[in-house]
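**Q** Contents of upload-v1.cif (mmCIF, N, CA and C atoms) are given next:
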data_entry
#
loop_
_atom_site.label_atom_id
_atom_site.label_comp_id
_atom_site.auth_asym_id
_atom_site.auth_seq_id
_atom_site.Cartn_x
_atom_site.Cartn_y
_atom_site.Cartn_z
N MET A 1457 -3.89 105.88 67.33
CA MET A 1457 -3.25 104.78 66.64
C MET A 1457 -2.93 105.19 65.20
N ALA A 1458 -1.93 104.58 64.67
CA ALA A 1458 -1.47 104.93 63.33
C ALA A 1458 -2.49 104.54 62.26
N LEU A 1459 -3.28 103.53 62.49
CA LEU A 1459 -4.21 103.08 61.46
C LEU A 1459 -5.46 103.94 61.37
N SER A 1460 -5.64 104.85 62.30
CA SER A 1460 -6.80 105.73 62.23
C SER A 1460 -6.50 107.01 61.46
N LYS A 1461 -5.23 107.24 61.13
CA LYS A 1461 -4.83 108.42 60.38
C LYS A 1461 -3.97 108.01 59.20
N GLY A 1462 -4.25 108.55 58.05
CA GLY A 1462 -3.48 108.21 56.87
C GLY A 1462 -2.36 109.19 56.58
N LYS A 1463 -2.18 110.18 57.47
CA LYS A 1463 -1.18 111.21 57.25
C LYS A 1463 0.23 110.64 57.37
N HIS A 1464 1.07 111.01 56.45
CA HIS A 1464 2.45 110.54 56.41
C HIS A 1464 3.34 111.57 57.09
N ILE A 1465 4.01 111.18 58.18
CA ILE A 1465 4.85 112.11 58.94
C ILE A 1465 6.28 111.60 58.92
N VAL A 1466 7.21 112.49 58.62
CA VAL A 1466 8.63 112.18 58.65
C VAL A 1466 9.27 113.01 59.75
N ALA A 1467 10.08 112.37 60.59
CA ALA A 1467 10.76 113.06 61.68
C ALA A 1467 12.14 112.44 61.87
N GLU A 1468 12.97 113.12 62.64
CA GLU A 1468 14.30 112.59 62.94
C GLU A 1468 14.22 111.80 64.24
N ILE A 1469 14.51 110.51 64.15
CA ILE A 1469 14.50 109.62 65.31
C ILE A 1469 15.88 109.00 65.40
N GLU A 1470 16.52 109.12 66.55
CA GLU A 1470 17.88 108.63 66.77
C GLU A 1470 18.84 109.22 65.74
N GLY A 1471 18.60 110.45 65.31
CA GLY A 1471 19.49 111.11 64.36
C GLY A 1471 19.30 110.70 62.92
N VAL A 1472 18.26 109.92 62.61
CA VAL A 1472 18.02 109.44 61.25
C VAL A 1472 16.61 109.86 60.83
N ARG A 1473 16.48 110.39 59.62
CA ARG A 1473 15.13 110.71 59.11
C ARG A 1473 14.34 109.42 58.96
N SER A 1474 13.16 109.41 59.55
CA SER A 1474 12.36 108.20 59.58
C SER A 1474 10.89 108.53 59.38
N THR A 1475 10.15 107.57 58.87
CA THR A 1475 8.70 107.67 58.81
C THR A 1475 8.16 107.32 60.19
N VAL A 1476 7.37 108.20 60.77
CA VAL A 1476 6.81 107.98 62.10
C VAL A 1476 5.67 106.98 61.99
N ILE A 1477 5.76 105.91 62.77
CA ILE A 1477 4.71 104.90 62.80
C ILE A 1477 3.66 105.29 63.83
N GLU A 1478 4.09 105.52 65.06
CA GLU A 1478 3.18 105.94 66.12
C GLU A 1478 3.95 106.77 67.14
N THR A 1479 3.23 107.63 67.83
CA THR A 1479 3.80 108.42 68.91
C THR A 1479 2.97 108.23 70.17
N GLY A 1480 3.56 108.59 71.29
CA GLY A 1480 2.84 108.50 72.56
C GLY A 1480 2.62 107.08 73.03
N LEU A 1481 3.55 106.19 72.72
CA LEU A 1481 3.40 104.77 73.06
C LEU A 1481 4.01 104.45 74.41
N ASN A 1482 3.46 103.41 75.05
CA ASN A 1482 4.15 102.89 76.23
C ASN A 1482 5.24 101.94 75.73
N GLU A 1483 6.13 101.54 76.62
CA GLU A 1483 7.29 100.74 76.19
C GLU A 1483 6.90 99.37 75.63
N ASN A 1484 5.88 98.73 76.21
CA ASN A 1484 5.47 97.41 75.73
C ASN A 1484 4.93 97.47 74.30
N ARG A 1485 4.11 98.46 74.01
CA ARG A 1485 3.56 98.63 72.66
C ARG A 1485 4.67 98.91 71.67
N CYS A 1486 5.61 99.73 72.09
CA CYS A 1486 6.74 100.09 71.24
C CYS A 1486 7.58 98.86 70.89
N LEU A 1487 7.84 98.02 71.87
CA LEU A 1487 8.62 96.80 71.62
C LEU A 1487 7.85 95.81 70.74
N PHE A 1488 6.53 95.73 70.91
CA PHE A 1488 5.70 94.87 70.05
C PHE A 1488 5.82 95.30 68.59
N LEU A 1489 5.66 96.60 68.32
CA LEU A 1489 5.75 97.09 66.95
C LEU A 1489 7.16 96.94 66.40
N LYS A 1490 8.16 97.15 67.24
CA LYS A 1490 9.55 97.02 66.80
C LYS A 1490 9.84 95.60 66.32
N GLU A 1491 9.44 94.61 67.12
CA GLU A 1491 9.66 93.21 66.73
C GLU A 1491 8.91 92.86 65.45
N LEU A 1492 7.66 93.30 65.36
CA LEU A 1492 6.83 93.01 64.18
C LEU A 1492 7.45 93.60 62.92
N LEU A 1493 7.87 94.84 62.98
CA LEU A 1493 8.43 95.51 61.81
C LEU A 1493 9.81 94.96 61.44
N GLN A 1494 10.61 94.62 62.43
CA GLN A 1494 11.93 94.05 62.14
C GLN A 1494 11.81 92.68 61.48
N LYS A 1495 10.83 91.89 61.88
CA LYS A 1495 10.62 90.58 61.25
C LYS A 1495 10.19 90.72 59.80
N ASN A 1496 9.65 91.89 59.44
CA ASN A 1496 9.24 92.15 58.07
C ASN A 1496 10.31 92.89 57.28
N GLY A 1497 11.51 93.01 57.84
CA GLY A 1497 12.64 93.55 57.10
C GLY A 1497 12.83 95.05 57.16
N TYR A 1498 12.17 95.74 58.07
CA TYR A 1498 12.32 97.19 58.18
C TYR A 1498 13.35 97.52 59.25
N GLU A 1499 14.10 98.59 59.03
CA GLU A 1499 15.02 99.09 60.04
C GLU A 1499 14.23 100.04 60.93
N VAL A 1500 14.12 99.69 62.20
CA VAL A 1500 13.26 100.41 63.14
C VAL A 1500 14.09 101.32 64.03
N LYS A 1501 13.59 102.54 64.25
CA LYS A 1501 14.20 103.50 65.16
C LYS A 1501 13.16 103.87 66.20
N MET A 1502 13.58 103.94 67.47
CA MET A 1502 12.67 104.34 68.53
C MET A 1502 13.43 105.12 69.58
N GLU A 1503 12.73 106.09 70.19
CA GLU A 1503 13.34 106.86 71.27
C GLU A 1503 12.24 107.45 72.14
N GLN A 1504 12.64 107.85 73.35
CA GLN A 1504 11.69 108.46 74.26
C GLN A 1504 11.36 109.86 73.77
N GLU A 1505 10.11 110.23 73.91
CA GLU A 1505 9.69 111.56 73.51
C GLU A 1505 10.15 112.58 74.56
N LYS A 1506 10.31 113.82 74.11
CA LYS A 1506 10.72 114.89 75.01
C LYS A 1506 9.66 115.99 74.96
N SER A 1507 9.47 116.64 76.10
CA SER A 1507 8.54 117.78 76.13
C SER A 1507 9.23 118.99 75.52
N LYS A 1508 8.50 120.08 75.40
CA LYS A 1508 9.08 121.28 74.81
C LYS A 1508 10.22 121.85 75.65
N ASP A 1509 10.22 121.53 76.96
CA ASP A 1509 11.31 122.00 77.84
C ASP A 1509 12.54 121.10 77.73
N GLY A 1510 12.45 119.98 77.05
CA GLY A 1510 13.57 119.05 76.92
C GLY A 1510 13.54 117.93 77.93
N ILE A 1511 12.50 117.86 78.75
CA ILE A 1511 12.38 116.81 79.76
C ILE A 1511 11.87 115.54 79.08
N GLN A 1512 12.54 114.40 79.37
CA GLN A 1512 12.09 113.15 78.77
C GLN A 1512 10.78 112.70 79.39
N LEU A 1513 9.87 112.26 78.53
CA LEU A 1513 8.57 111.78 78.97
C LEU A 1513 8.60 110.26 79.09
N GLU A 1514 7.52 109.70 79.59
CA GLU A 1514 7.40 108.24 79.72
C GLU A 1514 6.89 107.59 78.44
N THR A 1515 6.67 108.38 77.40
CA THR A 1515 6.14 107.84 76.15
C THR A 1515 7.25 107.73 75.11
N TRP A 1516 6.98 106.92 74.09
CA TRP A 1516 7.97 106.62 73.06
C TRP A 1516 7.44 107.01 71.69
N ILE A 1517 8.37 107.18 70.76
CA ILE A 1517 8.05 107.39 69.35
C ILE A 1517 8.78 106.31 68.57
N ILE A 1518 8.12 105.74 67.58
CA ILE A 1518 8.73 104.68 66.79
C ILE A 1518 8.56 105.00 65.31
N GLY A 1519 9.58 104.66 64.54
CA GLY A 1519 9.55 104.90 63.10
C GLY A 1519 10.42 103.91 62.36
N VAL A 1520 10.33 103.94 61.05
CA VAL A 1520 11.17 103.11 60.19
C VAL A 1520 11.93 104.01 59.24
N THR A 1521 13.09 103.55 58.79
CA THR A 1521 13.93 104.37 57.93
C THR A 1521 13.44 104.42 56.49
N ASP A 1522 12.49 103.58 56.14
CA ASP A 1522 11.88 103.61 54.80
C ASP A 1522 10.94 104.81 54.74
N LEU A 1523 11.32 105.85 54.01
CA LEU A 1523 10.57 107.11 54.01
C LEU A 1523 9.23 107.04 53.27
N VAL A 1524 9.00 106.03 52.48
CA VAL A 1524 7.72 105.90 51.77
C VAL A 1524 6.77 104.92 52.47
N PHE A 1525 7.18 104.37 53.61
CA PHE A 1525 6.35 103.42 54.34
C PHE A 1525 5.15 104.13 54.95
N ASN A 1526 3.97 103.53 54.78
CA ASN A 1526 2.75 104.02 55.41
C ASN A 1526 2.08 102.82 56.07
N PRO A 1527 1.98 102.79 57.40
CA PRO A 1527 1.44 101.60 58.07
C PRO A 1527 0.01 101.28 57.67
N MET A 1528 -0.81 102.30 57.43
CA MET A 1528 -2.20 102.04 57.06
C MET A 1528 -2.27 101.29 55.73
N ILE A 1529 -1.51 101.74 54.77
CA ILE A 1529 -1.52 101.10 53.45
C ILE A 1529 -0.96 99.68 53.54
N ARG A 1530 0.15 99.51 54.24
CA ARG A 1530 0.78 98.19 54.34
C ARG A 1530 -0.11 97.17 55.05
N VAL A 1531 -0.78 97.59 56.12
CA VAL A 1531 -1.64 96.65 56.85
C VAL A 1531 -2.86 96.27 56.02
N TYR A 1532 -3.52 97.25 55.42
CA TYR A 1532 -4.73 96.94 54.65
C TYR A 1532 -4.43 96.25 53.33
N GLU A 1533 -3.21 96.38 52.80
CA GLU A 1533 -2.81 95.60 51.62
C GLU A 1533 -2.31 94.22 52.00
N GLN A 1534 -2.24 93.96 53.29
CA GLN A 1534 -1.75 92.69 53.85
C GLN A 1534 -0.31 92.41 53.44
N LYS A 1535 0.52 93.44 53.46
CA LYS A 1535 1.93 93.32 53.10
C LYS A 1535 2.82 93.05 54.31
N ILE A 1536 2.28 93.19 55.52
CA ILE A 1536 3.04 92.91 56.74
C ILE A 1536 2.56 91.57 57.28
N LEU A 1537 3.51 90.71 57.61
CA LEU A 1537 3.17 89.37 58.09
C LEU A 1537 3.46 89.22 59.57
N ARG A 1538 2.62 88.42 60.23
CA ARG A 1538 2.82 88.09 61.63
C ARG A 1538 3.94 87.06 61.73
N PRO A 1539 4.44 86.80 62.94
CA PRO A 1539 5.48 85.78 63.09
C PRO A 1539 5.07 84.39 62.61
N ASP A 1540 3.76 84.09 62.64
CA ASP A 1540 3.30 82.78 62.18
C ASP A 1540 3.06 82.73 60.67
N GLY A 1541 3.34 83.84 59.95
CA GLY A 1541 3.23 83.86 58.50
C GLY A 1541 1.91 84.38 57.95
N ARG A 1542 0.92 84.57 58.81
CA ARG A 1542 -0.36 85.11 58.37
C ARG A 1542 -0.28 86.62 58.27
N PRO A 1543 -1.11 87.25 57.44
CA PRO A 1543 -1.07 88.72 57.33
C PRO A 1543 -1.54 89.40 58.61
N VAL A 1544 -0.96 90.55 58.87
CA VAL A 1544 -1.35 91.35 60.03
C VAL A 1544 -2.70 91.99 59.74
N THR A 1545 -3.62 91.87 60.66
CA THR A 1545 -4.93 92.51 60.56
C THR A 1545 -4.91 93.79 61.39
N PRO A 1546 -5.84 94.71 61.16
CA PRO A 1546 -5.90 95.89 62.01
C PRO A 1546 -6.05 95.55 63.49
N ALA A 1547 -6.80 94.51 63.81
CA ALA A 1547 -6.97 94.10 65.20
C ALA A 1547 -5.65 93.63 65.80
N PHE A 1548 -4.86 92.88 65.03
CA PHE A 1548 -3.56 92.42 65.52
C PHE A 1548 -2.62 93.61 65.68
N TRP A 1549 -2.60 94.52 64.71
CA TRP A 1549 -1.73 95.70 64.77
C TRP A 1549 -2.04 96.53 66.02
N ASN A 1550 -3.33 96.72 66.29
CA ASN A 1550 -3.74 97.53 67.43
C ASN A 1550 -3.77 96.76 68.74
N GLN A 1551 -3.47 95.47 68.68
CA GLN A 1551 -3.44 94.58 69.84
C GLN A 1551 -4.80 94.51 70.53
N TRP A 1552 -5.86 94.45 69.73
CA TRP A 1552 -7.18 94.26 70.28
C TRP A 1552 -7.41 92.78 70.50
N ALA A 1553 -8.12 92.43 71.56
CA ALA A 1553 -8.45 91.03 71.83
C ALA A 1553 -9.76 90.69 71.13
N VAL A 1554 -9.63 90.13 69.92
CA VAL A 1554 -10.82 89.72 69.15
C VAL A 1554 -10.62 88.31 68.64
N ASP A 1555 -11.71 87.68 68.30
CA ASP A 1555 -11.68 86.35 67.72
C ASP A 1555 -11.06 86.43 66.32
N PRO A 1556 -10.00 85.67 66.02
CA PRO A 1556 -9.36 85.77 64.71
C PRO A 1556 -10.25 85.30 63.56
N ASP A 1557 -11.29 84.54 63.85
CA ASP A 1557 -12.19 84.07 62.80
C ASP A 1557 -13.37 85.01 62.57
N LEU A 1558 -13.41 86.11 63.32
CA LEU A 1558 -14.47 87.10 63.17
C LEU A 1558 -14.27 87.86 61.87
N PRO A 1559 -15.31 87.99 61.02
CA PRO A 1559 -15.16 88.72 59.76
C PRO A 1559 -14.74 90.17 60.02
N TYR A 1560 -13.97 90.73 59.11
CA TYR A 1560 -13.41 92.07 59.30
C TYR A 1560 -14.48 93.14 59.47
N TRP A 1561 -15.65 92.95 58.85
CA TRP A 1561 -16.67 93.99 58.94
C TRP A 1561 -17.38 94.00 60.29
N MET A 1562 -17.11 93.02 61.13
CA MET A 1562 -17.71 92.99 62.46
C MET A 1562 -16.75 93.47 63.54
N VAL A 1563 -15.53 93.84 63.17
CA VAL A 1563 -14.55 94.31 64.17
C VAL A 1563 -14.86 95.74 64.51
#
Step by step, read the file and then write its structure as structure tokens.

**A**
Amino acid sequence: MALSKGKHIVAEIEGVRSTVIETGLNENRCLFLKELLQKNGYEVKMEQEKSKDGIQLETWIIGVTDLVFNPMIRVYEQKILRPDGRPVTPAFWNQWAVDPDLPYWMV
């Protein structure tokens, strides 16, 4: 997951230099992140990953065109908002099923 690594990676996605948010995603996870980031005003790029032989894989890569964007920093600074207007938590970002009233130190 992107929140477990603070490394900033830039790659070309759909022909545009983009900050990589996550790689190796299934399609549902990719669409979840795409909707979340677009609602926060980011231009999102996503495409299927390819193996070294050029064969398309079943996994996806997603990124944003903002080259200084870092998902770890944005989530922990509470700069990304959910559709209901509340800040995105690490549990929400990672799509973990946890009680929303549970204190962060118990997640």

**Q** Would you please work out which residue, of A:Ile1518, A:Leu1487, A:Leu1537, A:Ala1547, is nearest to Thr1475 (chain A) when using only C-alpha atoms?

**A**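 Using only C-alpha atoms, Thr1475 (chain A) sits closest to A:Ile1518.
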
**Q** Do you have the atom C of Glu1483 (chain A)-CA of Asn1496 (chain A) distance handy?

**A**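 Computing the Euclidean distance for atom C of Glu1483 (chain A) and CA of Asn1496 (chain A) yields 19.1 Å.
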
**Q** Can you spell out as a PyMOL selection string the set of residues that the PyMOL selection byres ((chain A and resi 1526) around 8) selects in the structure I just provided?

**A** chain A and resi 1458+1462-1465+1475-1477+1522-1525+1527-1532

**Q** Could you tell me how far CA of Leu1459 (chain A) sits from atom C of Pro1546 (chain A), in Å to one decimal place?

**A**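 Answer for the atom C of Pro1546 (chain A) to CA of Leu1459 (chain A) separation: 8.0 Å.
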
**Q** Please provide the set of residues having any atom within 10 Å of Gln1551 (chain A), restricted to only C-alpha atoms, with same-chain residues fewer than 3 positions apart removed, written as a count of residues only.

**A** 8

**Q** For region 1536-1552 of chain A, I'd like the enclosing box, axis-aligned and padded by 8 Å on every side, reported as lines of an AutoDock Vina configuration file with centre and edge lengths in Å to one decimal.

**A**
center_x = -1.0
center_y = 90.1
center_z = 63.0
size_x = 28.9
size_y = 30.8
size_z = 31.0
